[in-house]
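Q: Below is one structure. I have some questions about it.
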Amino acid sequence: MKPSFDKSQLSPNDITLGIIGGGQLGKMIGIEAKRMSLNLAYLDPDKTCPASTIADILFVSDYKDEKSILDLAQESNVLTYEIELANSSVLKDLESKGLPVHPSPAVLNTIQNKLRQKKFLKSKGIPVPEFEEVTSIDQARRICKDFHYPLVLKACEDSYDGRGNYVVRSASDIDKGIRYFEGRKCMIEKFIHFTKEVSIMVARNTRGNITSFPVVHNIHKNNILDTTIVPAGVNRRVEANARSIAEKVVKSLKGVGIFGIEMFLDDNKLMINEIAPRPHNSGHYSIEACSVSQFELHIRAILGLPLVKPRLMSPVVMTNILGIPNYTGEYSLTGIDKALAIPGMKLHLYGKRITKPQRKLGHFTITAESTEEALSRTRRVRKLLRVGKKRGNKEE
Ligand SMILES: Nc1ncnc2c1ncn2[C@@H]1O[C@H](COP(=O)(O)OP(=O)(O)O)[C@@H](O)[C@H]1O
Ligand SMILES: [Mg+2]
């Protein structure tokens, strides 16, 4: 690992940020870091990953590969990650040898298992949907009876973008669900008929200072984030309550870095759905619409630099650009020429070479004078932008 650095007198390229994961989140952390002339070392299984074009060094291996994490650490002054799949035990060893790892491996360990995460939140008195660990199929059938239908069966680990969720609507679904997650540890959760899904990004630095972004309204389609609308359109009491719960979560974890706290709003009652120990898709709007972005605050937090309160500068809508159904292969995006003529429109393309169904390929953000105007322009852009098979290319 590189020697520790003096924050009060930095020269350009003094610090190397080691990032596990070179996907879009890692890339956007990197773009922000490059503005401040930090060096970037990444670890990712794909040598053409989104961050490969901005990496100073890229180690190509599985996220959990011990040797590669050690190689990455060798090059880095501070380590962070964009995915919960990182190997928390290797990171723990590195931390004990003095390398700053943020969020800490202990925090990662608590969060990377959804059951452990929910137990932690419950133990701190933070509201969560009712849940139960699955220990056998008979016991799962009994819980389903107690909880009533529908329910959500969740794989405890390695699940994201809805891929680890199975909605159980009747008794016959439970066996199918357990078979679907064959061999994986699962939990069952009450299905919440929420009025709105909201989330909030919270940053906490190495000195324990904490700040948070505005509450946002998220619309998911097929379990995957489709749109984020800010302001969230909730009353002031809900806004204040969401912020206080979210900050309490990060304080209780003693987390350092940026955290995405997803919540369900049921009438005026808030419950935590899950915590992401990293920048979050629902925080992308902050690049264009806030005085400081989630990526900049993440970097400041992990380097022990001051945090500032993010100010929302205008209403904003962020929309994901996802892979189309039934096609995996090279792709192109059409309609950019017309879409970019719409005021307030900013396009982010992650640089993924291959599209897959539902894969996050990019997003666009529209700022406007009002939420209604931002939504109306979003509808126009949606009609223009199309992901399609790249002409002349074969499917993979
Ligand atoms: N208990 C639940 N009740 C109702 N909807 C749920 C529940 N759990 C998850 N969902 C829906 O599925 C989406 C994805 O679930 P989540 O647990 O956040 O998994 P992921 O890790 O894939 O993001 C949520 O944003 C929400 O829309
Ligand atoms: Mg989620």
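Chain labels follow the order of the structure tokens: the first chain is A, the next B, and so on; residue numbering restarts at 1 in every chain, and ligands are counted from 1 in their shown order.
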Could you pull out the alpha helix (DSSP H) residues of region 74-162 of chain A, going by DSSP on the backbone, and write them as a PDB file with C-alpha atoms, in the first residue's frame?
A:
```pdb
ATOM      1  CA  GLN A  74      -0.422  -2.146  -3.290  1.00  0.00           C
ATOM      2  CA  GLU A  75      -1.146   0.709  -5.691  1.00  0.00           C
ATOM      3  CA  SER A  88     -14.978  -8.292   3.024  1.00  0.00           C
ATOM      4  CA  SER A  89     -12.544 -10.691   4.758  1.00  0.00           C
ATOM      5  CA  VAL A  90      -9.559  -9.742   2.543  1.00  0.00           C
ATOM      6  CA  LEU A  91     -10.483  -6.073   2.972  1.00  0.00           C
ATOM      7  CA  LYS A  92     -10.531  -6.604   6.742  1.00  0.00           C
ATOM      8  CA  ASP A  93      -6.925  -7.894   6.659  1.00  0.00           C
ATOM      9  CA  LEU A  94      -5.838  -4.887   4.626  1.00  0.00           C
ATOM     10  CA  GLU A  95      -7.601  -2.512   6.990  1.00  0.00           C
ATOM     11  CA  SER A  96      -5.878  -4.103   9.979  1.00  0.00           C
ATOM     12  CA  PRO A 105     -15.221  -4.106   5.757  1.00  0.00           C
ATOM     13  CA  ALA A 106     -17.336  -4.461   8.928  1.00  0.00           C
ATOM     14  CA  VAL A 107     -19.997  -2.193   7.409  1.00  0.00           C
ATOM     15  CA  LEU A 108     -19.789  -4.086   4.103  1.00  0.00           C
ATOM     16  CA  ASN A 109     -20.201  -7.368   5.958  1.00  0.00           C
ATOM     17  CA  THR A 110     -23.361  -6.135   7.692  1.00  0.00           C
ATOM     18  CA  ILE A 111     -24.878  -4.828   4.474  1.00  0.00           C
ATOM     19  CA  LYS A 114     -29.850  -8.732   3.330  1.00  0.00           C
ATOM     20  CA  LEU A 115     -30.908 -10.771   6.358  1.00  0.00           C
ATOM     21  CA  ARG A 116     -27.961  -9.555   8.464  1.00  0.00           C
ATOM     22  CA  GLN A 117     -28.715  -6.011   7.300  1.00  0.00           C
ATOM     23  CA  LYS A 118     -32.388  -6.211   8.319  1.00  0.00           C
ATOM     24  CA  LYS A 119     -31.495  -7.763  11.693  1.00  0.00           C
ATOM     25  CA  PHE A 120     -29.044  -4.915  12.300  1.00  0.00           C
ATOM     26  CA  LEU A 121     -31.643  -2.260  11.449  1.00  0.00           C
ATOM     27  CA  LYS A 122     -34.259  -3.924  13.642  1.00  0.00           C
ATOM     28  CA  SER A 123     -31.805  -4.110  16.559  1.00  0.00           C
ATOM     29  CA  ILE A 137     -39.359 -25.460   3.055  1.00  0.00           C
ATOM     30  CA  ASP A 138     -41.849 -26.482   5.765  1.00  0.00           C
ATOM     31  CA  GLN A 139     -40.897 -23.514   7.882  1.00  0.00           C
ATOM     32  CA  ALA A 140     -41.192 -21.250   4.776  1.00  0.00           C
ATOM     33  CA  ARG A 141     -44.738 -22.554   4.196  1.00  0.00           C
ATOM     34  CA  ARG A 142     -45.594 -21.779   7.843  1.00  0.00           C
ATOM     35  CA  ILE A 143     -44.237 -18.202   7.618  1.00  0.00           C
ATOM     36  CA  CYS A 144     -46.242 -17.617   4.449  1.00  0.00           C
ATOM     37  CA  LYS A 145     -49.425 -18.577   6.288  1.00  0.00           C
ATOM     38  CA  ASP A 146     -48.582 -16.259   9.197  1.00  0.00           C
ATOM     39  CA  PHE A 147     -47.593 -13.290   7.023  1.00  0.00           C
TER      40      PHE A 147
END
```
Q: Using only C-alpha atoms and all ligand atoms, which residues have at least one atom no more than 6 Å from ligand 1? Output them as a PyMOL selection string.
A: chain A and resi 152+159-164+189-192+220+223+274
Q: The selected residues should be written to file as a compact mmCIF listing (two decimals), in the first residue's frame (atoms: N, CA and C atoms).
A:
```txt
# COMPACT_ATOMS: atom_id res chain seq x y z
N VAL A 152 -42.52 -11.40 -0.31
CA VAL A 152 -41.35 -11.37 -1.19
C VAL A 152 -40.29 -12.31 -0.62
N SER A 159 -27.50 -10.26 -4.70
CA SER A 159 -28.68 -9.94 -5.50
C SER A 159 -28.75 -8.43 -5.71
N TYR A 160 -29.09 -8.03 -6.90
CA TYR A 160 -29.21 -6.61 -7.23
C TYR A 160 -30.12 -6.46 -8.43
N ASP A 161 -30.59 -5.24 -8.67
CA ASP A 161 -31.50 -4.95 -9.78
C ASP A 161 -32.67 -5.93 -9.83
N GLY A 162 -33.17 -6.29 -8.67
CA GLY A 162 -34.35 -7.14 -8.57
C GLY A 162 -34.11 -8.61 -8.86
N ARG A 163 -32.85 -8.97 -9.20
CA ARG A 163 -32.59 -10.35 -9.61
C ARG A 163 -32.65 -11.35 -8.46
N GLY A 164 -32.65 -10.84 -7.23
CA GLY A 164 -32.70 -11.74 -6.08
C GLY A 164 -34.06 -11.75 -5.41
N GLU A 189 -40.16 -11.71 3.31
CA GLU A 189 -40.53 -10.39 3.80
C GLU A 189 -41.99 -10.12 3.45
N LYS A 190 -42.66 -9.37 4.30
CA LYS A 190 -44.02 -8.95 3.97
C LYS A 190 -43.99 -8.05 2.74
N PHE A 191 -44.95 -8.21 1.86
CA PHE A 191 -45.05 -7.31 0.71
C PHE A 191 -45.67 -6.00 1.19
N ILE A 192 -45.01 -4.91 0.91
CA ILE A 192 -45.51 -3.61 1.36
C ILE A 192 -46.26 -2.93 0.22
N HIS A 220 -39.90 2.17 -9.87
CA HIS A 220 -39.28 0.94 -10.37
C HIS A 220 -40.21 0.27 -11.37
N ASN A 223 -38.96 -4.41 -10.97
CA ASN A 223 -37.99 -4.45 -9.87
C ASN A 223 -36.72 -3.65 -10.11
N GLU A 274 -33.74 -1.08 1.86
CA GLU A 274 -32.34 -1.55 1.94
C GLU A 274 -31.35 -0.40 1.89
```
Q: For ligand 2, collect every residue having any atom at a distance of at most 12 Å from a ligand atom (counting only C-alpha atoms and all ligand atoms); output as a count of residues only.
A: 36
Q: Within region 171-289 of chain A, find each residue whose DSSP state, derived from the backbone, is strand (DSSP E or B), and express the selection as a count of residues only.
A: 48
Q: Which polymer residues have any atom within 6 Å of an atom of Ile321 (chain A), counting only C-alpha atoms, with same-chain residues fewer than 5 positions away left out, as a CSV table (one decimal) with C-alpha atoms, in the first residue's frame?
A:
```csv
chain,number,residue,atom,x,y,z
A,361,LEU,CA,-26.5,1.2,-20.4
A,362,GLY,CA,-26.8,4.8,-19.5
A,363,HIS,CA,-29.2,7.4,-18.1
```
Q: With only C-alpha atoms as the counted atoms, please give the residues lying no more than 10 Å from Ser252 (chain A), apart from itself and same-chain residues fewer than 3 positions off, as a PyMOL selection string.
A: chain A and resi 120-121+124+246-249+255
Q: Could you turn the residues from that selection into a file that holds N, CA and C atoms, as a compact mmCIF listing (two decimals), in the first residue's frame?
A:
```txt
# COMPACT_ATOMS: atom_id res chain seq x y z
N PHE A 120 -29.77 -6.06 11.74
CA PHE A 120 -29.04 -4.92 12.30
C PHE A 120 -29.98 -3.73 12.47
N LEU A 121 -30.74 -3.42 11.40
CA LEU A 121 -31.64 -2.26 11.45
C LEU A 121 -32.69 -2.44 12.55
N LYS A 124 -31.51 -1.76 15.98
CA LYS A 124 -31.31 -0.33 16.27
C LYS A 124 -32.64 0.41 16.36
N ALA A 246 -32.56 8.10 7.85
CA ALA A 246 -31.41 7.76 7.00
C ALA A 246 -30.09 8.12 7.69
N GLU A 247 -30.06 9.29 8.30
CA GLU A 247 -28.81 9.69 8.98
C GLU A 247 -28.55 8.80 10.20
N LYS A 248 -29.63 8.40 10.86
CA LYS A 248 -29.47 7.50 12.01
C LYS A 248 -28.86 6.16 11.57
N VAL A 249 -29.30 5.66 10.40
CA VAL A 249 -28.77 4.39 9.88
C VAL A 249 -27.26 4.49 9.69
N GLY A 255 -20.66 4.29 9.30
CA GLY A 255 -20.22 4.18 7.92
C GLY A 255 -19.48 5.42 7.44
```
Q: Could you tell me how far CA of Lys27 (chain A) lies from CA of Ile258 (chain A), in Å and to one decimal?
A: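 These atoms are spaced 15.3 Å apart.
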Q: Under the rule that only C-alpha atoms are counted, which of A:Gly329, A:Gly30, A:Gly257, A:Pro129 is the nearest residue to Leu297 (chain A)?
A: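 Between A:Gly329, A:Gly30, A:Gly257, A:Pro129, the residue approaching Leu297 (chain A) most closely is A:Gly257.
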Q: Between A:Arg204, A:Lys338, A:His284, A:Arg377, single out the one closest to Ala301 (chain A), counting only C-alpha atoms.
A: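 Counting only C-alpha atoms, the residue closest to Ala301 (chain A) is A:Arg204.
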Q: Calculated over only C-alpha atoms, which of the candidates A:Asp14, A:Glu82, A:Glu182, A:Glu373 has the smallest distance to Ser136 (chain A)?
A: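 When distances to Ser136 (chain A) are compared using only C-alpha atoms, the smallest one comes from A:Glu182.
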Q: With only C-alpha atoms as the atoms that count, which of A:Val234, A:Val387, A:Ile57, A:Val308 lies nearest to Lys196 (chain A)?
A: A:Val234
Q: Just give me the gap between CA of Leu349 (chain A) and CA of Ser293 (chain A) in Å, one decimal is fine.
A: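 Between CA of Leu349 (chain A) and CA of Ser293 (chain A) the gap works out to 17.6 Å.
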Q: Report the distance between CA of Arg353 (chain A) and CA of Thr48 (chain A) in Å, rounded to one decimal place.
A: 7.6 Å
Q: For a quick check of understanding, using only C-alpha atoms, which of A:Ala242, A:Leu153, A:Ile302, A:Cys186 has the smallest distance to Asp173 (chain A)?
A: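 Nearest candidate to Asp173 (chain A) out of A:Ala242, A:Leu153, A:Ile302, A:Cys186: A:Leu153.
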